[in-house]
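A quick write-up on the structure given underneath.
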Protein chains: 4
Amino acid sequence: MMIIMRADASQEEVAQVISRVESHGLRVHLSKGEERVIIGAIGDGRAVQRDQFALLAGVDRVVPISRPYKLTSREFSPANTIFPLDGVSVGGNGIVIIAGPCSVESRTQTLEIALAVKEAGAHAIRGGAYKPRTSPYAFQGLGEAGLEILAEVREITGLPVVTEAMSVEQVPLVTKYADVIQLGARNMQNFSLLHAAGESQHPVLLKRGMSATVEELLMAAEYILSHGNRRVILCERGIRTYETSTRNTTDINAIPVIKSLSHLPVMLDPSHSTGNWEYVTAIARAGVAAGADGLIIEVHNHPEEALSDGGQSLKPERFAELVKQTRAIAQAIGRDIAVPVHETAVGSPA
Amino acid sequence: MMIIMRADASQEEVAQVISRVESHGLRVHLSKGEERVIIGAIGDGRAVQRDQFALLAGVDRVVPISRPYKLTSREFSPANTIFPLDGVSVGGNGIVIIAGPCSVESRTQTLEIALAVKEAGAHAIRGGAYKPRTSPYAFQGLGEAGLEILAEVREITGLPVVTEAMSVEQVPLVTKYADVIQLGARNMQNFSLLHAAGESQHPVLLKRGMSATVEELLMAAEYILSHGNRRVILCERGIRTYETSTRNTTDINAIPVIKSLSHLPVMLDPSHSTGNWEYVTAIARAGVAAGADGLIIEVHNHPEEALSDGGQSLKPERFAELVKQTRAIAQAIGRDIAVPVHETAVGSPA
Amino acid sequence: MMIIMRADASQEEVAQVISRVESHGLRVHLSKGEERVIIGAIGDGRAVQRDQFALLAGVDRVVPISRPYKLTSREFSPANTIFPLDGVSVGGNGIVIIAGPCSVESRTQTLEIALAVKEAGAHAIRGGAYKPRTSPYAFQGLGEAGLEILAEVREITGLPVVTEAMSVEQVPLVTKYADVIQLGARNMQNFSLLHAAGESQHPVLLKRGMSATVEELLMAAEYILSHGNRRVILCERGIRTYETSTRNTTDINAIPVIKSLSHLPVMLDPSHSTGNWEYVTAIARAGVAAGADGLIIEVHNHPEEALSDGGQSLKPERFAELVKQTRAIAQAIGRDIAVPVHETAVGSPA
Amino acid sequence: MMIIMRADASQEEVAQVISRVESHGLRVHLSKGEERVIIGAIGDGRAVQRDQFALLAGVDRVVPISRPYKLTSREFSPANTIFPLDGVSVGGNGIVIIAGPCSVESRTQTLEIALAVKEAGAHAIRGGAYKPRTSPYAFQGLGEAGLEILAEVREITGLPVVTEAMSVEQVPLVTKYADVIQLGARNMQNFSLLHAAGESQHPVLLKRGMSATVEELLMAAEYILSHGNRRVILCERGIRTYETSTRNTTDINAIPVIKSLSHLPVMLDPSHSTGNWEYVTAIARAGVAAGADGLIIEVHNHPEEALSDGGQSLKPERFAELVKQTRAIAQAIGRDIAVPVHETAVGSPA
């Protein structure tokens, strides 16, 4: 880090900062400008509190040089992280599509939607058994019964399951029933949960917090990777801004930004990032055009009766149209919708 | 709620909406404007998903009439909620001041700070044993050993303890050792934790999420109150905006807004809401001037050696000055710094 | 508008509101709920201040029913507005690309860039003669000399010119030299300038203010349209949010939102909306995928010597690649890059 | 500035950056860390585009060391700027209060309000003759007739006049009739207008843009000061955030921040920063408690009939109470409401 001294800092103050830098095992490089002295602290200072220098007499401010994350960074691991989710590769050239209802409401509803999204080309089913709801009076999910429905639907359809764990004690149950643990936007900095998800060694879909910076998202991923769990999908789901014409503001910039900073796969959730089914398909196209490795889409067979998020859910036929349009975009940039291995297998002789 | 139909809605579409409204046990009131029909749904629609109407054919949008929270609202409970915290009244005319280090680092550090803030006039000690940190490489707190230190410091100083629980499984430990469970900004919508804090029946200091609206803060409190736990302190701690000259933006408006919407006591945390010790005292004065019922202030005996948040921590002598200035402001608006009952007791003869 | 009374409003208060509504020539429709009375004001209340009702005794709040803009709305004019810009149609099926340097720095620089972007497929040249700069010490543009260069470059290349007017007195000059007046983000609510641009009857490219809502952008356009000038292009150029990894946050949602609310053509400026040349092409693709009618792109032959915005400028060869990729995206959604009429003319035999 | 090279930058790339730095007449100071080279550019680089270095091969990023403003900074001018406004000192120990209607609607209305606010203790009258309105259909102000009313009201009451100029051509008229030119939030970066206001040598009240950073506000002031006009009052009027419970979010932090960065007087406009008369008095108290040098308050004798901003206007009797409460706060921090010299004069014998 660089410690920028005030123009009026005394020699003694400079000496004290130098001594403090050295006490952390860092080397000092001194730079004397016309107006001020700048002290470079050389070595890995990631664990040192910047405030420990910023508060010393004569210091103007401290500028970090290294990024605060490491395992998550593309510098650390230049090649894209690619891992299999059931039959498909996540993070590879093929776009992976996860679709399903906001909440698991019943066996019939979930199965009907799963069959429809599979037919349309989805690679995995999503659906919440535990629902984070702003209101204590809203439907809170079916809990373990919902997980059981998801597992049964997987049996029938062959689609892997993505579902949310809202707290540490739900992690074992969710890993038992699901293929991917989803960590929701409100829990992106629930560090206990990040820890548990890391320990689980299960694939994780980590949603960006609604006012998290890209850097904070990468730091949250770092929590998981630092437990040796590298199978992490990052998910842009819209951020909170002053604009009210949509529920959230899709931070489309985040897609190329994250791809440049990190090796992890990045998905877009246009259902939450717009909050309105009318805009979901256009923004799904935009996400793929911008470089997203996948999409997560809310689909409901009867949106007007959904117990949550009906307004942003596509009907199955509209979802099929989304897949079709998304495929055209993917092909226009030299990619494609991912092809499940088992489909290929089915098609091959003997 | 009011369901506003599109200008081109057909009679049949209007009839379908009416039928849906009635199917939820609500009564219909029809209003025909020059351009459009508006359908009033009369009755308690709090549990009904608005999307269930918004998605019907011919509907333009749905406008809620009632507020989504109930127990938290001043309409429900017009008088201020006041409850004792050890010797002082929270939510009464006296301003309550909670002070202490960001993290419990050691017995000596915590005790030294506790004695200093008590001397200066604080009513309770704060300090984190479990620390939510953006980086997995930063100090994560002493855990239960930190709670033990806090309990011992309470024994010695008589100051009640406020400390954070970061997850459901920490709630029993925190309630065992502390007088108030703090729920941090990153956990304001950790609904499992809100549930556990509600169940605990322990006093709760609920910090506003860094991009939570006032309404969402009140909904989070509603989770706690809906478990019969009314001893909730709301805490403004700055919100995330585009401005970078301070760590957060103190939403000073939120203080009179919350006081008008809710009966719960409201505190301000100017340490986090500014992120810079130089501005803490000015903003503490502003908070009391705006009507806050209390302050929560980070104090450290050696900020430049603090393991977290040193930059926003006041030294004890500056904290003493803050209390003095805050007292003057409180008195200027007909309030005062709260007087602990036991102090009065000590002062009274026989 | 709907005037929602407080639960405790008296009959007299209701009567006073009714009388006030009627005094504005609006009709009253009364709706009595279980808890409260709602008063509908029927008729065109667009010119009536909502506060004139909101402040009356017993009123809780006022909910507008109609949108505040009219001429700009798709309701008013369902078909897309399409108008010619030199040889190409703006707002039609073809994507229109405007490209050029941030600032006109010299004749040589501007001409060289214009020839390059024309070669790559751009339909118009952009370049600022008057530059709004945050710092008074930064390059402020060449002024009229810059306009003369642009006019000469148009003579040579045949490309129409888009350039900014920063104040009312610059409007006559800019309309004399340029084909489209650009109104910059900082001036989106410079109402004197909107008025002058409307009066000019010249095509206008209106950039969204950096913290303007979509509704405010449409209201700003309404200022221009209300002077009878319908040739307005709306331009998303990124909004200000808390995220700092890019200069602005591209509000990609705004593209389908505006297309649904208004008949005016919508362009995207990914140079400003990202602020970093590395992300411009990905976001240009996303913009077209989301439904934008055009792009405005900063191109510089020597970005590292540019007097402004070098960091977000593409080199000509990268711009050519952007056009190629954008064309593939456009074709994937059934559109194409616009074909200038004169090119067709040139290509057709006698 | 410090130019931070990438870890993989070649020696040749370092050499090229050094050569470029030297070509701008700046001296180079080289610092070799373990991972990367950092190149310090020593000298006044304020006029040099950072992008000219950021885009060179091998450069990671460029960190500015100096602040971009100079004349506005407290470093440049350590003592508070204090100047007289008619009889009172702006920027001194006394709090200056400017009050009046949002818009000048008529002679009677303006005079009645002026007399009332003078009686209550205001030092100047505010009122708009030119009104920036989001809607072209809303009342746009009386124009010069409004200025004449203000001038007449000054004659009668002795109160100096603060009123807005919305464009360059209005500056001569406004300076003719008014004592202080107000530049509105939407025009904070209308650089033509800043230029004209600087040239006028008239006192200026510069409102912060609704999404301007503190640094941008100081840069806007720098435009005025760079024309030799030092009589600039900065005004916090709330910023745009995601919070919707108030019209804007009062950035109370900005008050101590600006006081620490600049020598210019700072006022708060709680009418706009809250947008709701119910919160104005609490936030006015907070502003003074935080260190504001003055307040600007909207007052209307009949808010429910106001042609603009009625909802945030205080009635005269409530304004009188605001002055009383504000005085108590001012005294609590060792200040007071400013005493006009002429009042003292009137009161003194002989």
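Residues are named by chain letter and number: chains run A, B, ... in the order of the structure tokens, numbers start at 1 in each chain, and ligands are numbered from 1 in the order shown.
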Rows by chain and residue number, chain D within 8 Å of chain C, shortest pair, only C-alpha atoms, as CSV:
```
residue,atom,partner,partner_atom,distance
D:Arg46,CA,C:Tyr137,CA,7.6
D:Ala47,CA,C:Ala138,CA,6.0
D:Gln49,CA,C:Leu307,CA,6.8
D:Asp51,CA,C:Gly311,CA,5.3
D:Gln52,CA,C:Glu304,CA,4.5
D:Phe53,CA,C:Glu304,CA,6.9
D:Ala54,CA,C:Gly311,CA,7.2
D:Leu55,CA,C:Glu304,CA,5.5
D:Leu56,CA,C:Glu304,CA,6.6
D:Pro68,CA,C:Ser135,CA,7.4
D:Tyr69,CA,C:Ser135,CA,7.7
D:Pro132,CA,C:Phe191,CA,6.3
D:Arg133,CA,C:Phe191,CA,7.6
D:Thr134,CA,C:Met219,CA,6.4
D:Ser135,CA,C:Met219,CA,5.9
D:Pro136,CA,C:Tyr223,CA,5.4
D:Tyr137,CA,C:Ala47,CA,6.0
D:Ala138,CA,C:Ala47,CA,5.9
D:Met166,CA,C:Ser192,CA,7.1
D:Ser167,CA,C:Ser192,CA,6.5
D:Val168,CA,C:Ser167,CA,7.6
D:Arg186,CA,C:Gln189,CA,6.0
D:Asn187,CA,C:Asn190,CA,6.6
D:Gln189,CA,C:Arg186,CA,6.0
D:Asn190,CA,C:Asn187,CA,6.6
D:Phe191,CA,C:Pro132,CA,6.3
D:Ser192,CA,C:Ser167,CA,6.5
D:Met210,CA,C:Ser211,CA,7.5
D:Ser211,CA,C:Ser211,CA,6.0
D:Glu216,CA,C:Thr134,CA,6.8
D:Met219,CA,C:Ser135,CA,5.9
D:Ala220,CA,C:Thr134,CA,7.1
D:Glu222,CA,C:Pro136,CA,7.0
D:Tyr223,CA,C:Pro136,CA,5.4
D:Ser226,CA,C:Pro136,CA,7.7
D:Arg240,CA,C:Ser211,CA,7.4
D:Pro303,CA,C:Leu55,CA,7.4
D:Glu304,CA,C:Gln52,CA,4.5
D:Glu305,CA,C:Gln52,CA,5.6
D:Ala306,CA,C:Gln52,CA,7.1
D:Leu307,CA,C:Gln49,CA,6.8
D:Ser308,CA,C:Gln49,CA,7.1
D:Asp309,CA,C:Asp51,CA,7.2
D:Gly310,CA,C:Asp51,CA,5.7
D:Gly311,CA,C:Asp51,CA,5.3
```
Exercise for review: Give me the residues within 6 Å of stretch 317-326 of chain D as a list in words, counting only C-alpha atoms and dropping any in the same chain fewer than 5 places off.
Suggested key: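 Skipping anything fewer than 5 positions along the chain leaves Ala120, Thr281 and Arg285 of chain D.
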Those same residues, written as a JSON list (two decimals), in the first residue's frame with N, CA and C atoms?
```json
[["chain", "number", "residue", "atom", "x", "y", "z"],
["D", 120, "ALA", "N", -40.24, 36.91, 12.14],
["D", 120, "ALA", "CA", -39.79, 35.69, 12.83],
["D", 120, "ALA", "C", -38.28, 35.62, 12.98],
["D", 281, "THR", "N", -38.36, 21.14, 10.39],
["D", 281, "THR", "CA", -37.81, 21.75, 11.60],
["D", 281, "THR", "C", -36.78, 20.82, 12.26],
["D", 285, "ARG", "N", -32.79, 21.83, 12.69],
["D", 285, "ARG", "CA", -32.03, 21.72, 13.96],
["D", 285, "ARG", "C", -30.77, 20.89, 13.74]]
```
Point to revise | Distance of atom CA of D:Leu85 from atom CA of D:His202, expressed in Å to one decimal place | key: 10.9 Å
What lies within 9 Å of C:Pro101 using only C-alpha atoms, ignoring chain neighbours under 2 positions off, as a PDB file with all heavy atoms, in the first residue's frame?
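New file out_27.pdb:
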```
ATOM      1  N   ALA C  99     -20.556   7.850 -34.278  1.00  0.00           N
ATOM      2  CA  ALA C  99     -19.246   7.611 -33.677  1.00  0.00           C
ATOM      3  C   ALA C  99     -18.330   8.788 -33.914  1.00  0.00           C
ATOM      4  O   ALA C  99     -18.536   9.578 -34.846  1.00  0.00           O
ATOM      5  CB  ALA C  99     -18.628   6.338 -34.262  1.00  0.00           C
ATOM      6  N   SER C 103     -13.960  15.038 -27.994  1.00  0.00           N
ATOM      7  CA  SER C 103     -13.787  16.452 -28.336  1.00  0.00           C
ATOM      8  C   SER C 103     -13.191  16.586 -29.735  1.00  0.00           C
ATOM      9  O   SER C 103     -12.330  15.794 -30.121  1.00  0.00           O
ATOM     10  CB  SER C 103     -12.784  17.126 -27.391  1.00  0.00           C
ATOM     11  OG  SER C 103     -13.198  17.024 -26.070  1.00  0.00           O
ATOM     12  N   VAL C 104     -13.621  17.617 -30.449  1.00  0.00           N
ATOM     13  CA  VAL C 104     -12.925  18.032 -31.653  1.00  0.00           C
ATOM     14  C   VAL C 104     -11.633  18.706 -31.182  1.00  0.00           C
ATOM     15  O   VAL C 104     -11.682  19.714 -30.473  1.00  0.00           O
ATOM     16  CB  VAL C 104     -13.788  19.023 -32.458  1.00  0.00           C
ATOM     17  CG1 VAL C 104     -12.997  19.593 -33.623  1.00  0.00           C
ATOM     18  CG2 VAL C 104     -15.056  18.345 -32.935  1.00  0.00           C
ATOM     19  N   GLU C 105     -10.499  18.106 -31.538  1.00  0.00           N
ATOM     20  CA  GLU C 105      -9.218  18.657 -31.074  1.00  0.00           C
ATOM     21  C   GLU C 105      -8.495  19.390 -32.196  1.00  0.00           C
ATOM     22  O   GLU C 105      -7.775  20.369 -31.961  1.00  0.00           O
ATOM     23  CB  GLU C 105      -8.341  17.533 -30.524  1.00  0.00           C
ATOM     24  CG  GLU C 105      -8.969  16.854 -29.294  1.00  0.00           C
ATOM     25  CD  GLU C 105      -8.264  15.562 -28.893  1.00  0.00           C
ATOM     26  OE1 GLU C 105      -7.152  15.304 -29.378  1.00  0.00           O
ATOM     27  OE2 GLU C 105      -8.835  14.807 -28.078  1.00  0.00           O
ATOM     28  N   GLN C 109      -7.206  15.476 -36.710  1.00  0.00           N
ATOM     29  CA  GLN C 109      -7.710  14.412 -35.823  1.00  0.00           C
ATOM     30  C   GLN C 109      -9.151  14.069 -36.178  1.00  0.00           C
ATOM     31  O   GLN C 109      -9.515  12.914 -36.323  1.00  0.00           O
ATOM     32  CB  GLN C 109      -7.607  14.914 -34.365  1.00  0.00           C
ATOM     33  CG  GLN C 109      -8.346  14.077 -33.340  1.00  0.00           C
ATOM     34  CD  GLN C 109      -9.521  14.850 -32.700  1.00  0.00           C
ATOM     35  OE1 GLN C 109     -10.017  15.850 -33.253  1.00  0.00           O
ATOM     36  NE2 GLN C 109      -9.942  14.367 -31.551  1.00  0.00           N
ATOM     37  N   THR C 110      -9.991  15.084 -36.341  1.00  0.00           N
ATOM     38  CA  THR C 110     -11.416  14.832 -36.565  1.00  0.00           C
ATOM     39  C   THR C 110     -11.637  14.160 -37.917  1.00  0.00           C
ATOM     40  O   THR C 110     -12.415  13.207 -38.032  1.00  0.00           O
ATOM     41  CB  THR C 110     -12.199  16.155 -36.472  1.00  0.00           C
ATOM     42  OG1 THR C 110     -11.860  16.795 -35.240  1.00  0.00           O
ATOM     43  CG2 THR C 110     -13.701  15.915 -36.505  1.00  0.00           C
ATOM     44  N   ILE C 113     -10.454  10.496 -37.884  1.00  0.00           N
ATOM     45  CA  ILE C 113     -11.404   9.630 -37.169  1.00  0.00           C
ATOM     46  C   ILE C 113     -12.687   9.459 -37.978  1.00  0.00           C
ATOM     47  O   ILE C 113     -13.230   8.360 -38.089  1.00  0.00           O
ATOM     48  CB  ILE C 113     -11.702  10.200 -35.763  1.00  0.00           C
ATOM     49  CG1 ILE C 113     -10.427  10.202 -34.911  1.00  0.00           C
ATOM     50  CG2 ILE C 113     -12.805   9.401 -35.074  1.00  0.00           C
ATOM     51  CD1 ILE C 113     -10.556  10.928 -33.583  1.00  0.00           C
ATOM     52  N   ALA C 114     -13.148  10.539 -38.585  1.00  0.00           N
ATOM     53  CA  ALA C 114     -14.401  10.471 -39.352  1.00  0.00           C
ATOM     54  C   ALA C 114     -14.267   9.495 -40.512  1.00  0.00           C
ATOM     55  O   ALA C 114     -15.165   8.680 -40.761  1.00  0.00           O
ATOM     56  CB  ALA C 114     -14.775  11.865 -39.865  1.00  0.00           C
ATOM     57  N   ILE C 125     -21.140  11.366 -37.547  1.00  0.00           N
ATOM     58  CA  ILE C 125     -19.945  11.682 -36.748  1.00  0.00           C
ATOM     59  C   ILE C 125     -20.369  12.487 -35.523  1.00  0.00           C
ATOM     60  O   ILE C 125     -21.229  13.356 -35.598  1.00  0.00           O
ATOM     61  CB  ILE C 125     -18.915  12.489 -37.585  1.00  0.00           C
ATOM     62  CG1 ILE C 125     -17.681  12.902 -36.758  1.00  0.00           C
ATOM     63  CG2 ILE C 125     -19.513  13.761 -38.190  1.00  0.00           C
ATOM     64  CD1 ILE C 125     -16.573  11.928 -36.810  1.00  0.00           C
ATOM     65  N   ARG C 126     -19.778  12.159 -34.370  1.00  0.00           N
ATOM     66  CA  ARG C 126     -19.993  12.951 -33.173  1.00  0.00           C
ATOM     67  C   ARG C 126     -18.663  13.615 -32.805  1.00  0.00           C
ATOM     68  O   ARG C 126     -17.595  13.145 -33.221  1.00  0.00           O
ATOM     69  CB  ARG C 126     -20.490  12.124 -32.009  1.00  0.00           C
ATOM     70  CG  ARG C 126     -19.585  10.971 -31.599  1.00  0.00           C
ATOM     71  CD  ARG C 126     -19.661  10.708 -30.117  1.00  0.00           C
ATOM     72  NE  ARG C 126     -19.057  11.825 -29.416  1.00  0.00           N
ATOM     73  CZ  ARG C 126     -19.382  12.214 -28.193  1.00  0.00           C
ATOM     74  NH1 ARG C 126     -20.279  11.565 -27.513  1.00  0.00           N
ATOM     75  NH2 ARG C 126     -18.775  13.249 -27.631  1.00  0.00           N
ATOM     76  N   GLY C 127     -18.725  14.671 -32.007  1.00  0.00           N
ATOM     77  CA  GLY C 127     -17.512  15.349 -31.571  1.00  0.00           C
ATOM     78  C   GLY C 127     -17.932  16.642 -30.909  1.00  0.00           C
ATOM     79  O   GLY C 127     -18.803  17.352 -31.403  1.00  0.00           O
ATOM     80  N   GLY C 128     -17.336  16.954 -29.772  1.00  0.00           N
ATOM     81  CA  GLY C 128     -17.760  18.122 -29.019  1.00  0.00           C
ATOM     82  C   GLY C 128     -16.925  19.353 -29.338  1.00  0.00           C
ATOM     83  O   GLY C 128     -15.688  19.286 -29.322  1.00  0.00           O
ATOM     84  N   ILE C 297     -20.852   6.088 -29.961  1.00  0.00           N
ATOM     85  CA  ILE C 297     -19.598   5.480 -29.513  1.00  0.00           C
ATOM     86  C   ILE C 297     -18.447   6.474 -29.641  1.00  0.00           C
ATOM     87  O   ILE C 297     -18.301   7.134 -30.678  1.00  0.00           O
ATOM     88  CB  ILE C 297     -19.254   4.259 -30.407  1.00  0.00           C
ATOM     89  CG1 ILE C 297     -20.432   3.274 -30.508  1.00  0.00           C
ATOM     90  CG2 ILE C 297     -17.978   3.560 -29.941  1.00  0.00           C
ATOM     91  CD1 ILE C 297     -20.661   2.425 -29.305  1.00  0.00           C
ATOM     92  N   GLU C 298     -17.643   6.562 -28.597  1.00  0.00           N
ATOM     93  CA  GLU C 298     -16.460   7.415 -28.680  1.00  0.00           C
ATOM     94  C   GLU C 298     -15.296   6.652 -29.313  1.00  0.00           C
ATOM     95  O   GLU C 298     -14.931   5.566 -28.851  1.00  0.00           O
ATOM     96  CB  GLU C 298     -16.087   7.954 -27.301  1.00  0.00           C
ATOM     97  CG  GLU C 298     -17.095   9.020 -26.868  1.00  0.00           C
ATOM     98  CD  GLU C 298     -16.691   9.818 -25.653  1.00  0.00           C
ATOM     99  OE1 GLU C 298     -15.745   9.396 -24.944  1.00  0.00           O
ATOM    100  OE2 GLU C 298     -17.299  10.858 -25.402  1.00  0.00           O
ATOM    101  N   VAL C 299     -14.731   7.270 -30.353  1.00  0.00           N
ATOM    102  CA  VAL C 299     -13.619   6.660 -31.077  1.00  0.00           C
ATOM    103  C   VAL C 299     -12.515   7.705 -31.181  1.00  0.00           C
ATOM    104  O   VAL C 299     -12.795   8.890 -31.428  1.00  0.00           O
ATOM    105  CB  VAL C 299     -14.063   6.241 -32.500  1.00  0.00           C
ATOM    106  CG1 VAL C 299     -12.886   5.681 -33.304  1.00  0.00           C
ATOM    107  CG2 VAL C 299     -15.193   5.225 -32.432  1.00  0.00           C
ATOM    108  N   HIS C 300     -11.288   7.275 -30.970  1.00  0.00           N
ATOM    109  CA  HIS C 300     -10.153   8.198 -31.083  1.00  0.00           C
ATOM    110  C   HIS C 300      -8.999   7.454 -31.736  1.00  0.00           C
ATOM    111  O   HIS C 300      -8.780   6.279 -31.440  1.00  0.00           O
ATOM    112  CB  HIS C 300      -9.750   8.723 -29.698  1.00  0.00           C
ATOM    113  CG  HIS C 300      -8.991  10.010 -29.750  1.00  0.00           C
ATOM    114  ND1 HIS C 300      -7.678  10.087 -30.163  1.00  0.00           N
ATOM    115  CD2 HIS C 300      -9.366  11.277 -29.454  1.00  0.00           C
ATOM    116  CE1 HIS C 300      -7.278  11.362 -30.111  1.00  0.00           C
ATOM    117  NE2 HIS C 300      -8.289  12.103 -29.692  1.00  0.00           N
ATOM    118  N   ASN C 301      -8.298   8.158 -32.608  1.00  0.00           N
ATOM    119  CA  ASN C 301      -7.174   7.487 -33.268  1.00  0.00           C
ATOM    120  C   ASN C 301      -5.973   7.323 -32.330  1.00  0.00           C
ATOM    121  O   ASN C 301      -5.169   6.413 -32.500  1.00  0.00           O
ATOM    122  CB  ASN C 301      -6.783   8.197 -34.580  1.00  0.00           C
ATOM    123  CG  ASN C 301      -6.794   9.709 -34.440  1.00  0.00           C
ATOM    124  OD1 ASN C 301      -7.070  10.235 -33.355  1.00  0.00           O
ATOM    125  ND2 ASN C 301      -6.478  10.409 -35.513  1.00  0.00           N
ATOM    126  N   ALA C 306      -5.738  11.762 -26.180  1.00  0.00           N
ATOM    127  CA  ALA C 306      -6.997  12.508 -26.253  1.00  0.00           C
ATOM    128  C   ALA C 306      -7.051  13.566 -25.159  1.00  0.00           C
ATOM    129  O   ALA C 306      -6.545  13.359 -24.055  1.00  0.00           O
ATOM    130  CB  ALA C 306      -8.168  11.551 -26.123  1.00  0.00           C
ATOM    131  N   SER C 308      -9.764  14.544 -23.822  1.00  0.00           N
ATOM    132  CA  SER C 308     -10.847  14.191 -22.893  1.00  0.00           C
ATOM    133  C   SER C 308     -11.294  12.766 -23.205  1.00  0.00           C
ATOM    134  O   SER C 308     -11.261  12.343 -24.352  1.00  0.00           O
ATOM    135  CB  SER C 308     -12.031  15.157 -23.030  1.00  0.00           C
ATOM    136  OG  SER C 308     -12.508  15.201 -24.350  1.00  0.00           O
ATOM    137  N   ASP C 309     -11.712  12.057 -22.178  1.00  0.00           N
ATOM    138  CA  ASP C 309     -12.336  10.734 -22.299  1.00  0.00           C
ATOM    139  C   ASP C 309     -11.520   9.701 -23.073  1.00  0.00           C
ATOM    140  O   ASP C 309     -12.097   8.758 -23.642  1.00  0.00           O
ATOM    141  CB  ASP C 309     -13.707  10.868 -22.999  1.00  0.00           C
ATOM    142  CG  ASP C 309     -14.778  11.331 -22.015  1.00  0.00           C
ATOM    143  OD1 ASP C 309     -14.456  11.498 -20.816  1.00  0.00           O
ATOM    144  OD2 ASP C 309     -15.908  11.536 -22.444  1.00  0.00           O
ATOM    145  N   GLY C 310     -10.207   9.850 -23.080  1.00  0.00           N
ATOM    146  CA  GLY C 310      -9.401   8.852 -23.783  1.00  0.00           C
ATOM    147  C   GLY C 310      -9.665   7.444 -23.286  1.00  0.00           C
ATOM    148  O   GLY C 310      -9.718   6.493 -24.067  1.00  0.00           O
ATOM    149  N   SER C 313     -12.463   5.656 -25.026  1.00  0.00           N
ATOM    150  CA  SER C 313     -12.521   5.713 -26.484  1.00  0.00           C
ATOM    151  C   SER C 313     -11.935   4.449 -27.094  1.00  0.00           C
ATOM    152  O   SER C 313     -10.908   3.946 -26.654  1.00  0.00           O
ATOM    153  CB  SER C 313     -11.734   6.931 -26.991  1.00  0.00           C
ATOM    154  OG  SER C 313     -12.329   8.124 -26.522  1.00  0.00           O
TER     155      SER C 313
END
```
Exercise for review: Give me the residues within 12 Å of C:Asp8 as a PyMOL selection string, counting only C-alpha atoms and dropping any in the same chain fewer than 3 places off.
Suggested key: (chain B and resi 75) or (chain C and resi 4-5+11-14+34-37+57-60)
Check your understanding: Residues of stretch 30-109 of chain B in helix (DSSP H, G or I) according to DSSP, as a PyMOL selection string?
Key -> chain B and resi 51-54+107-109
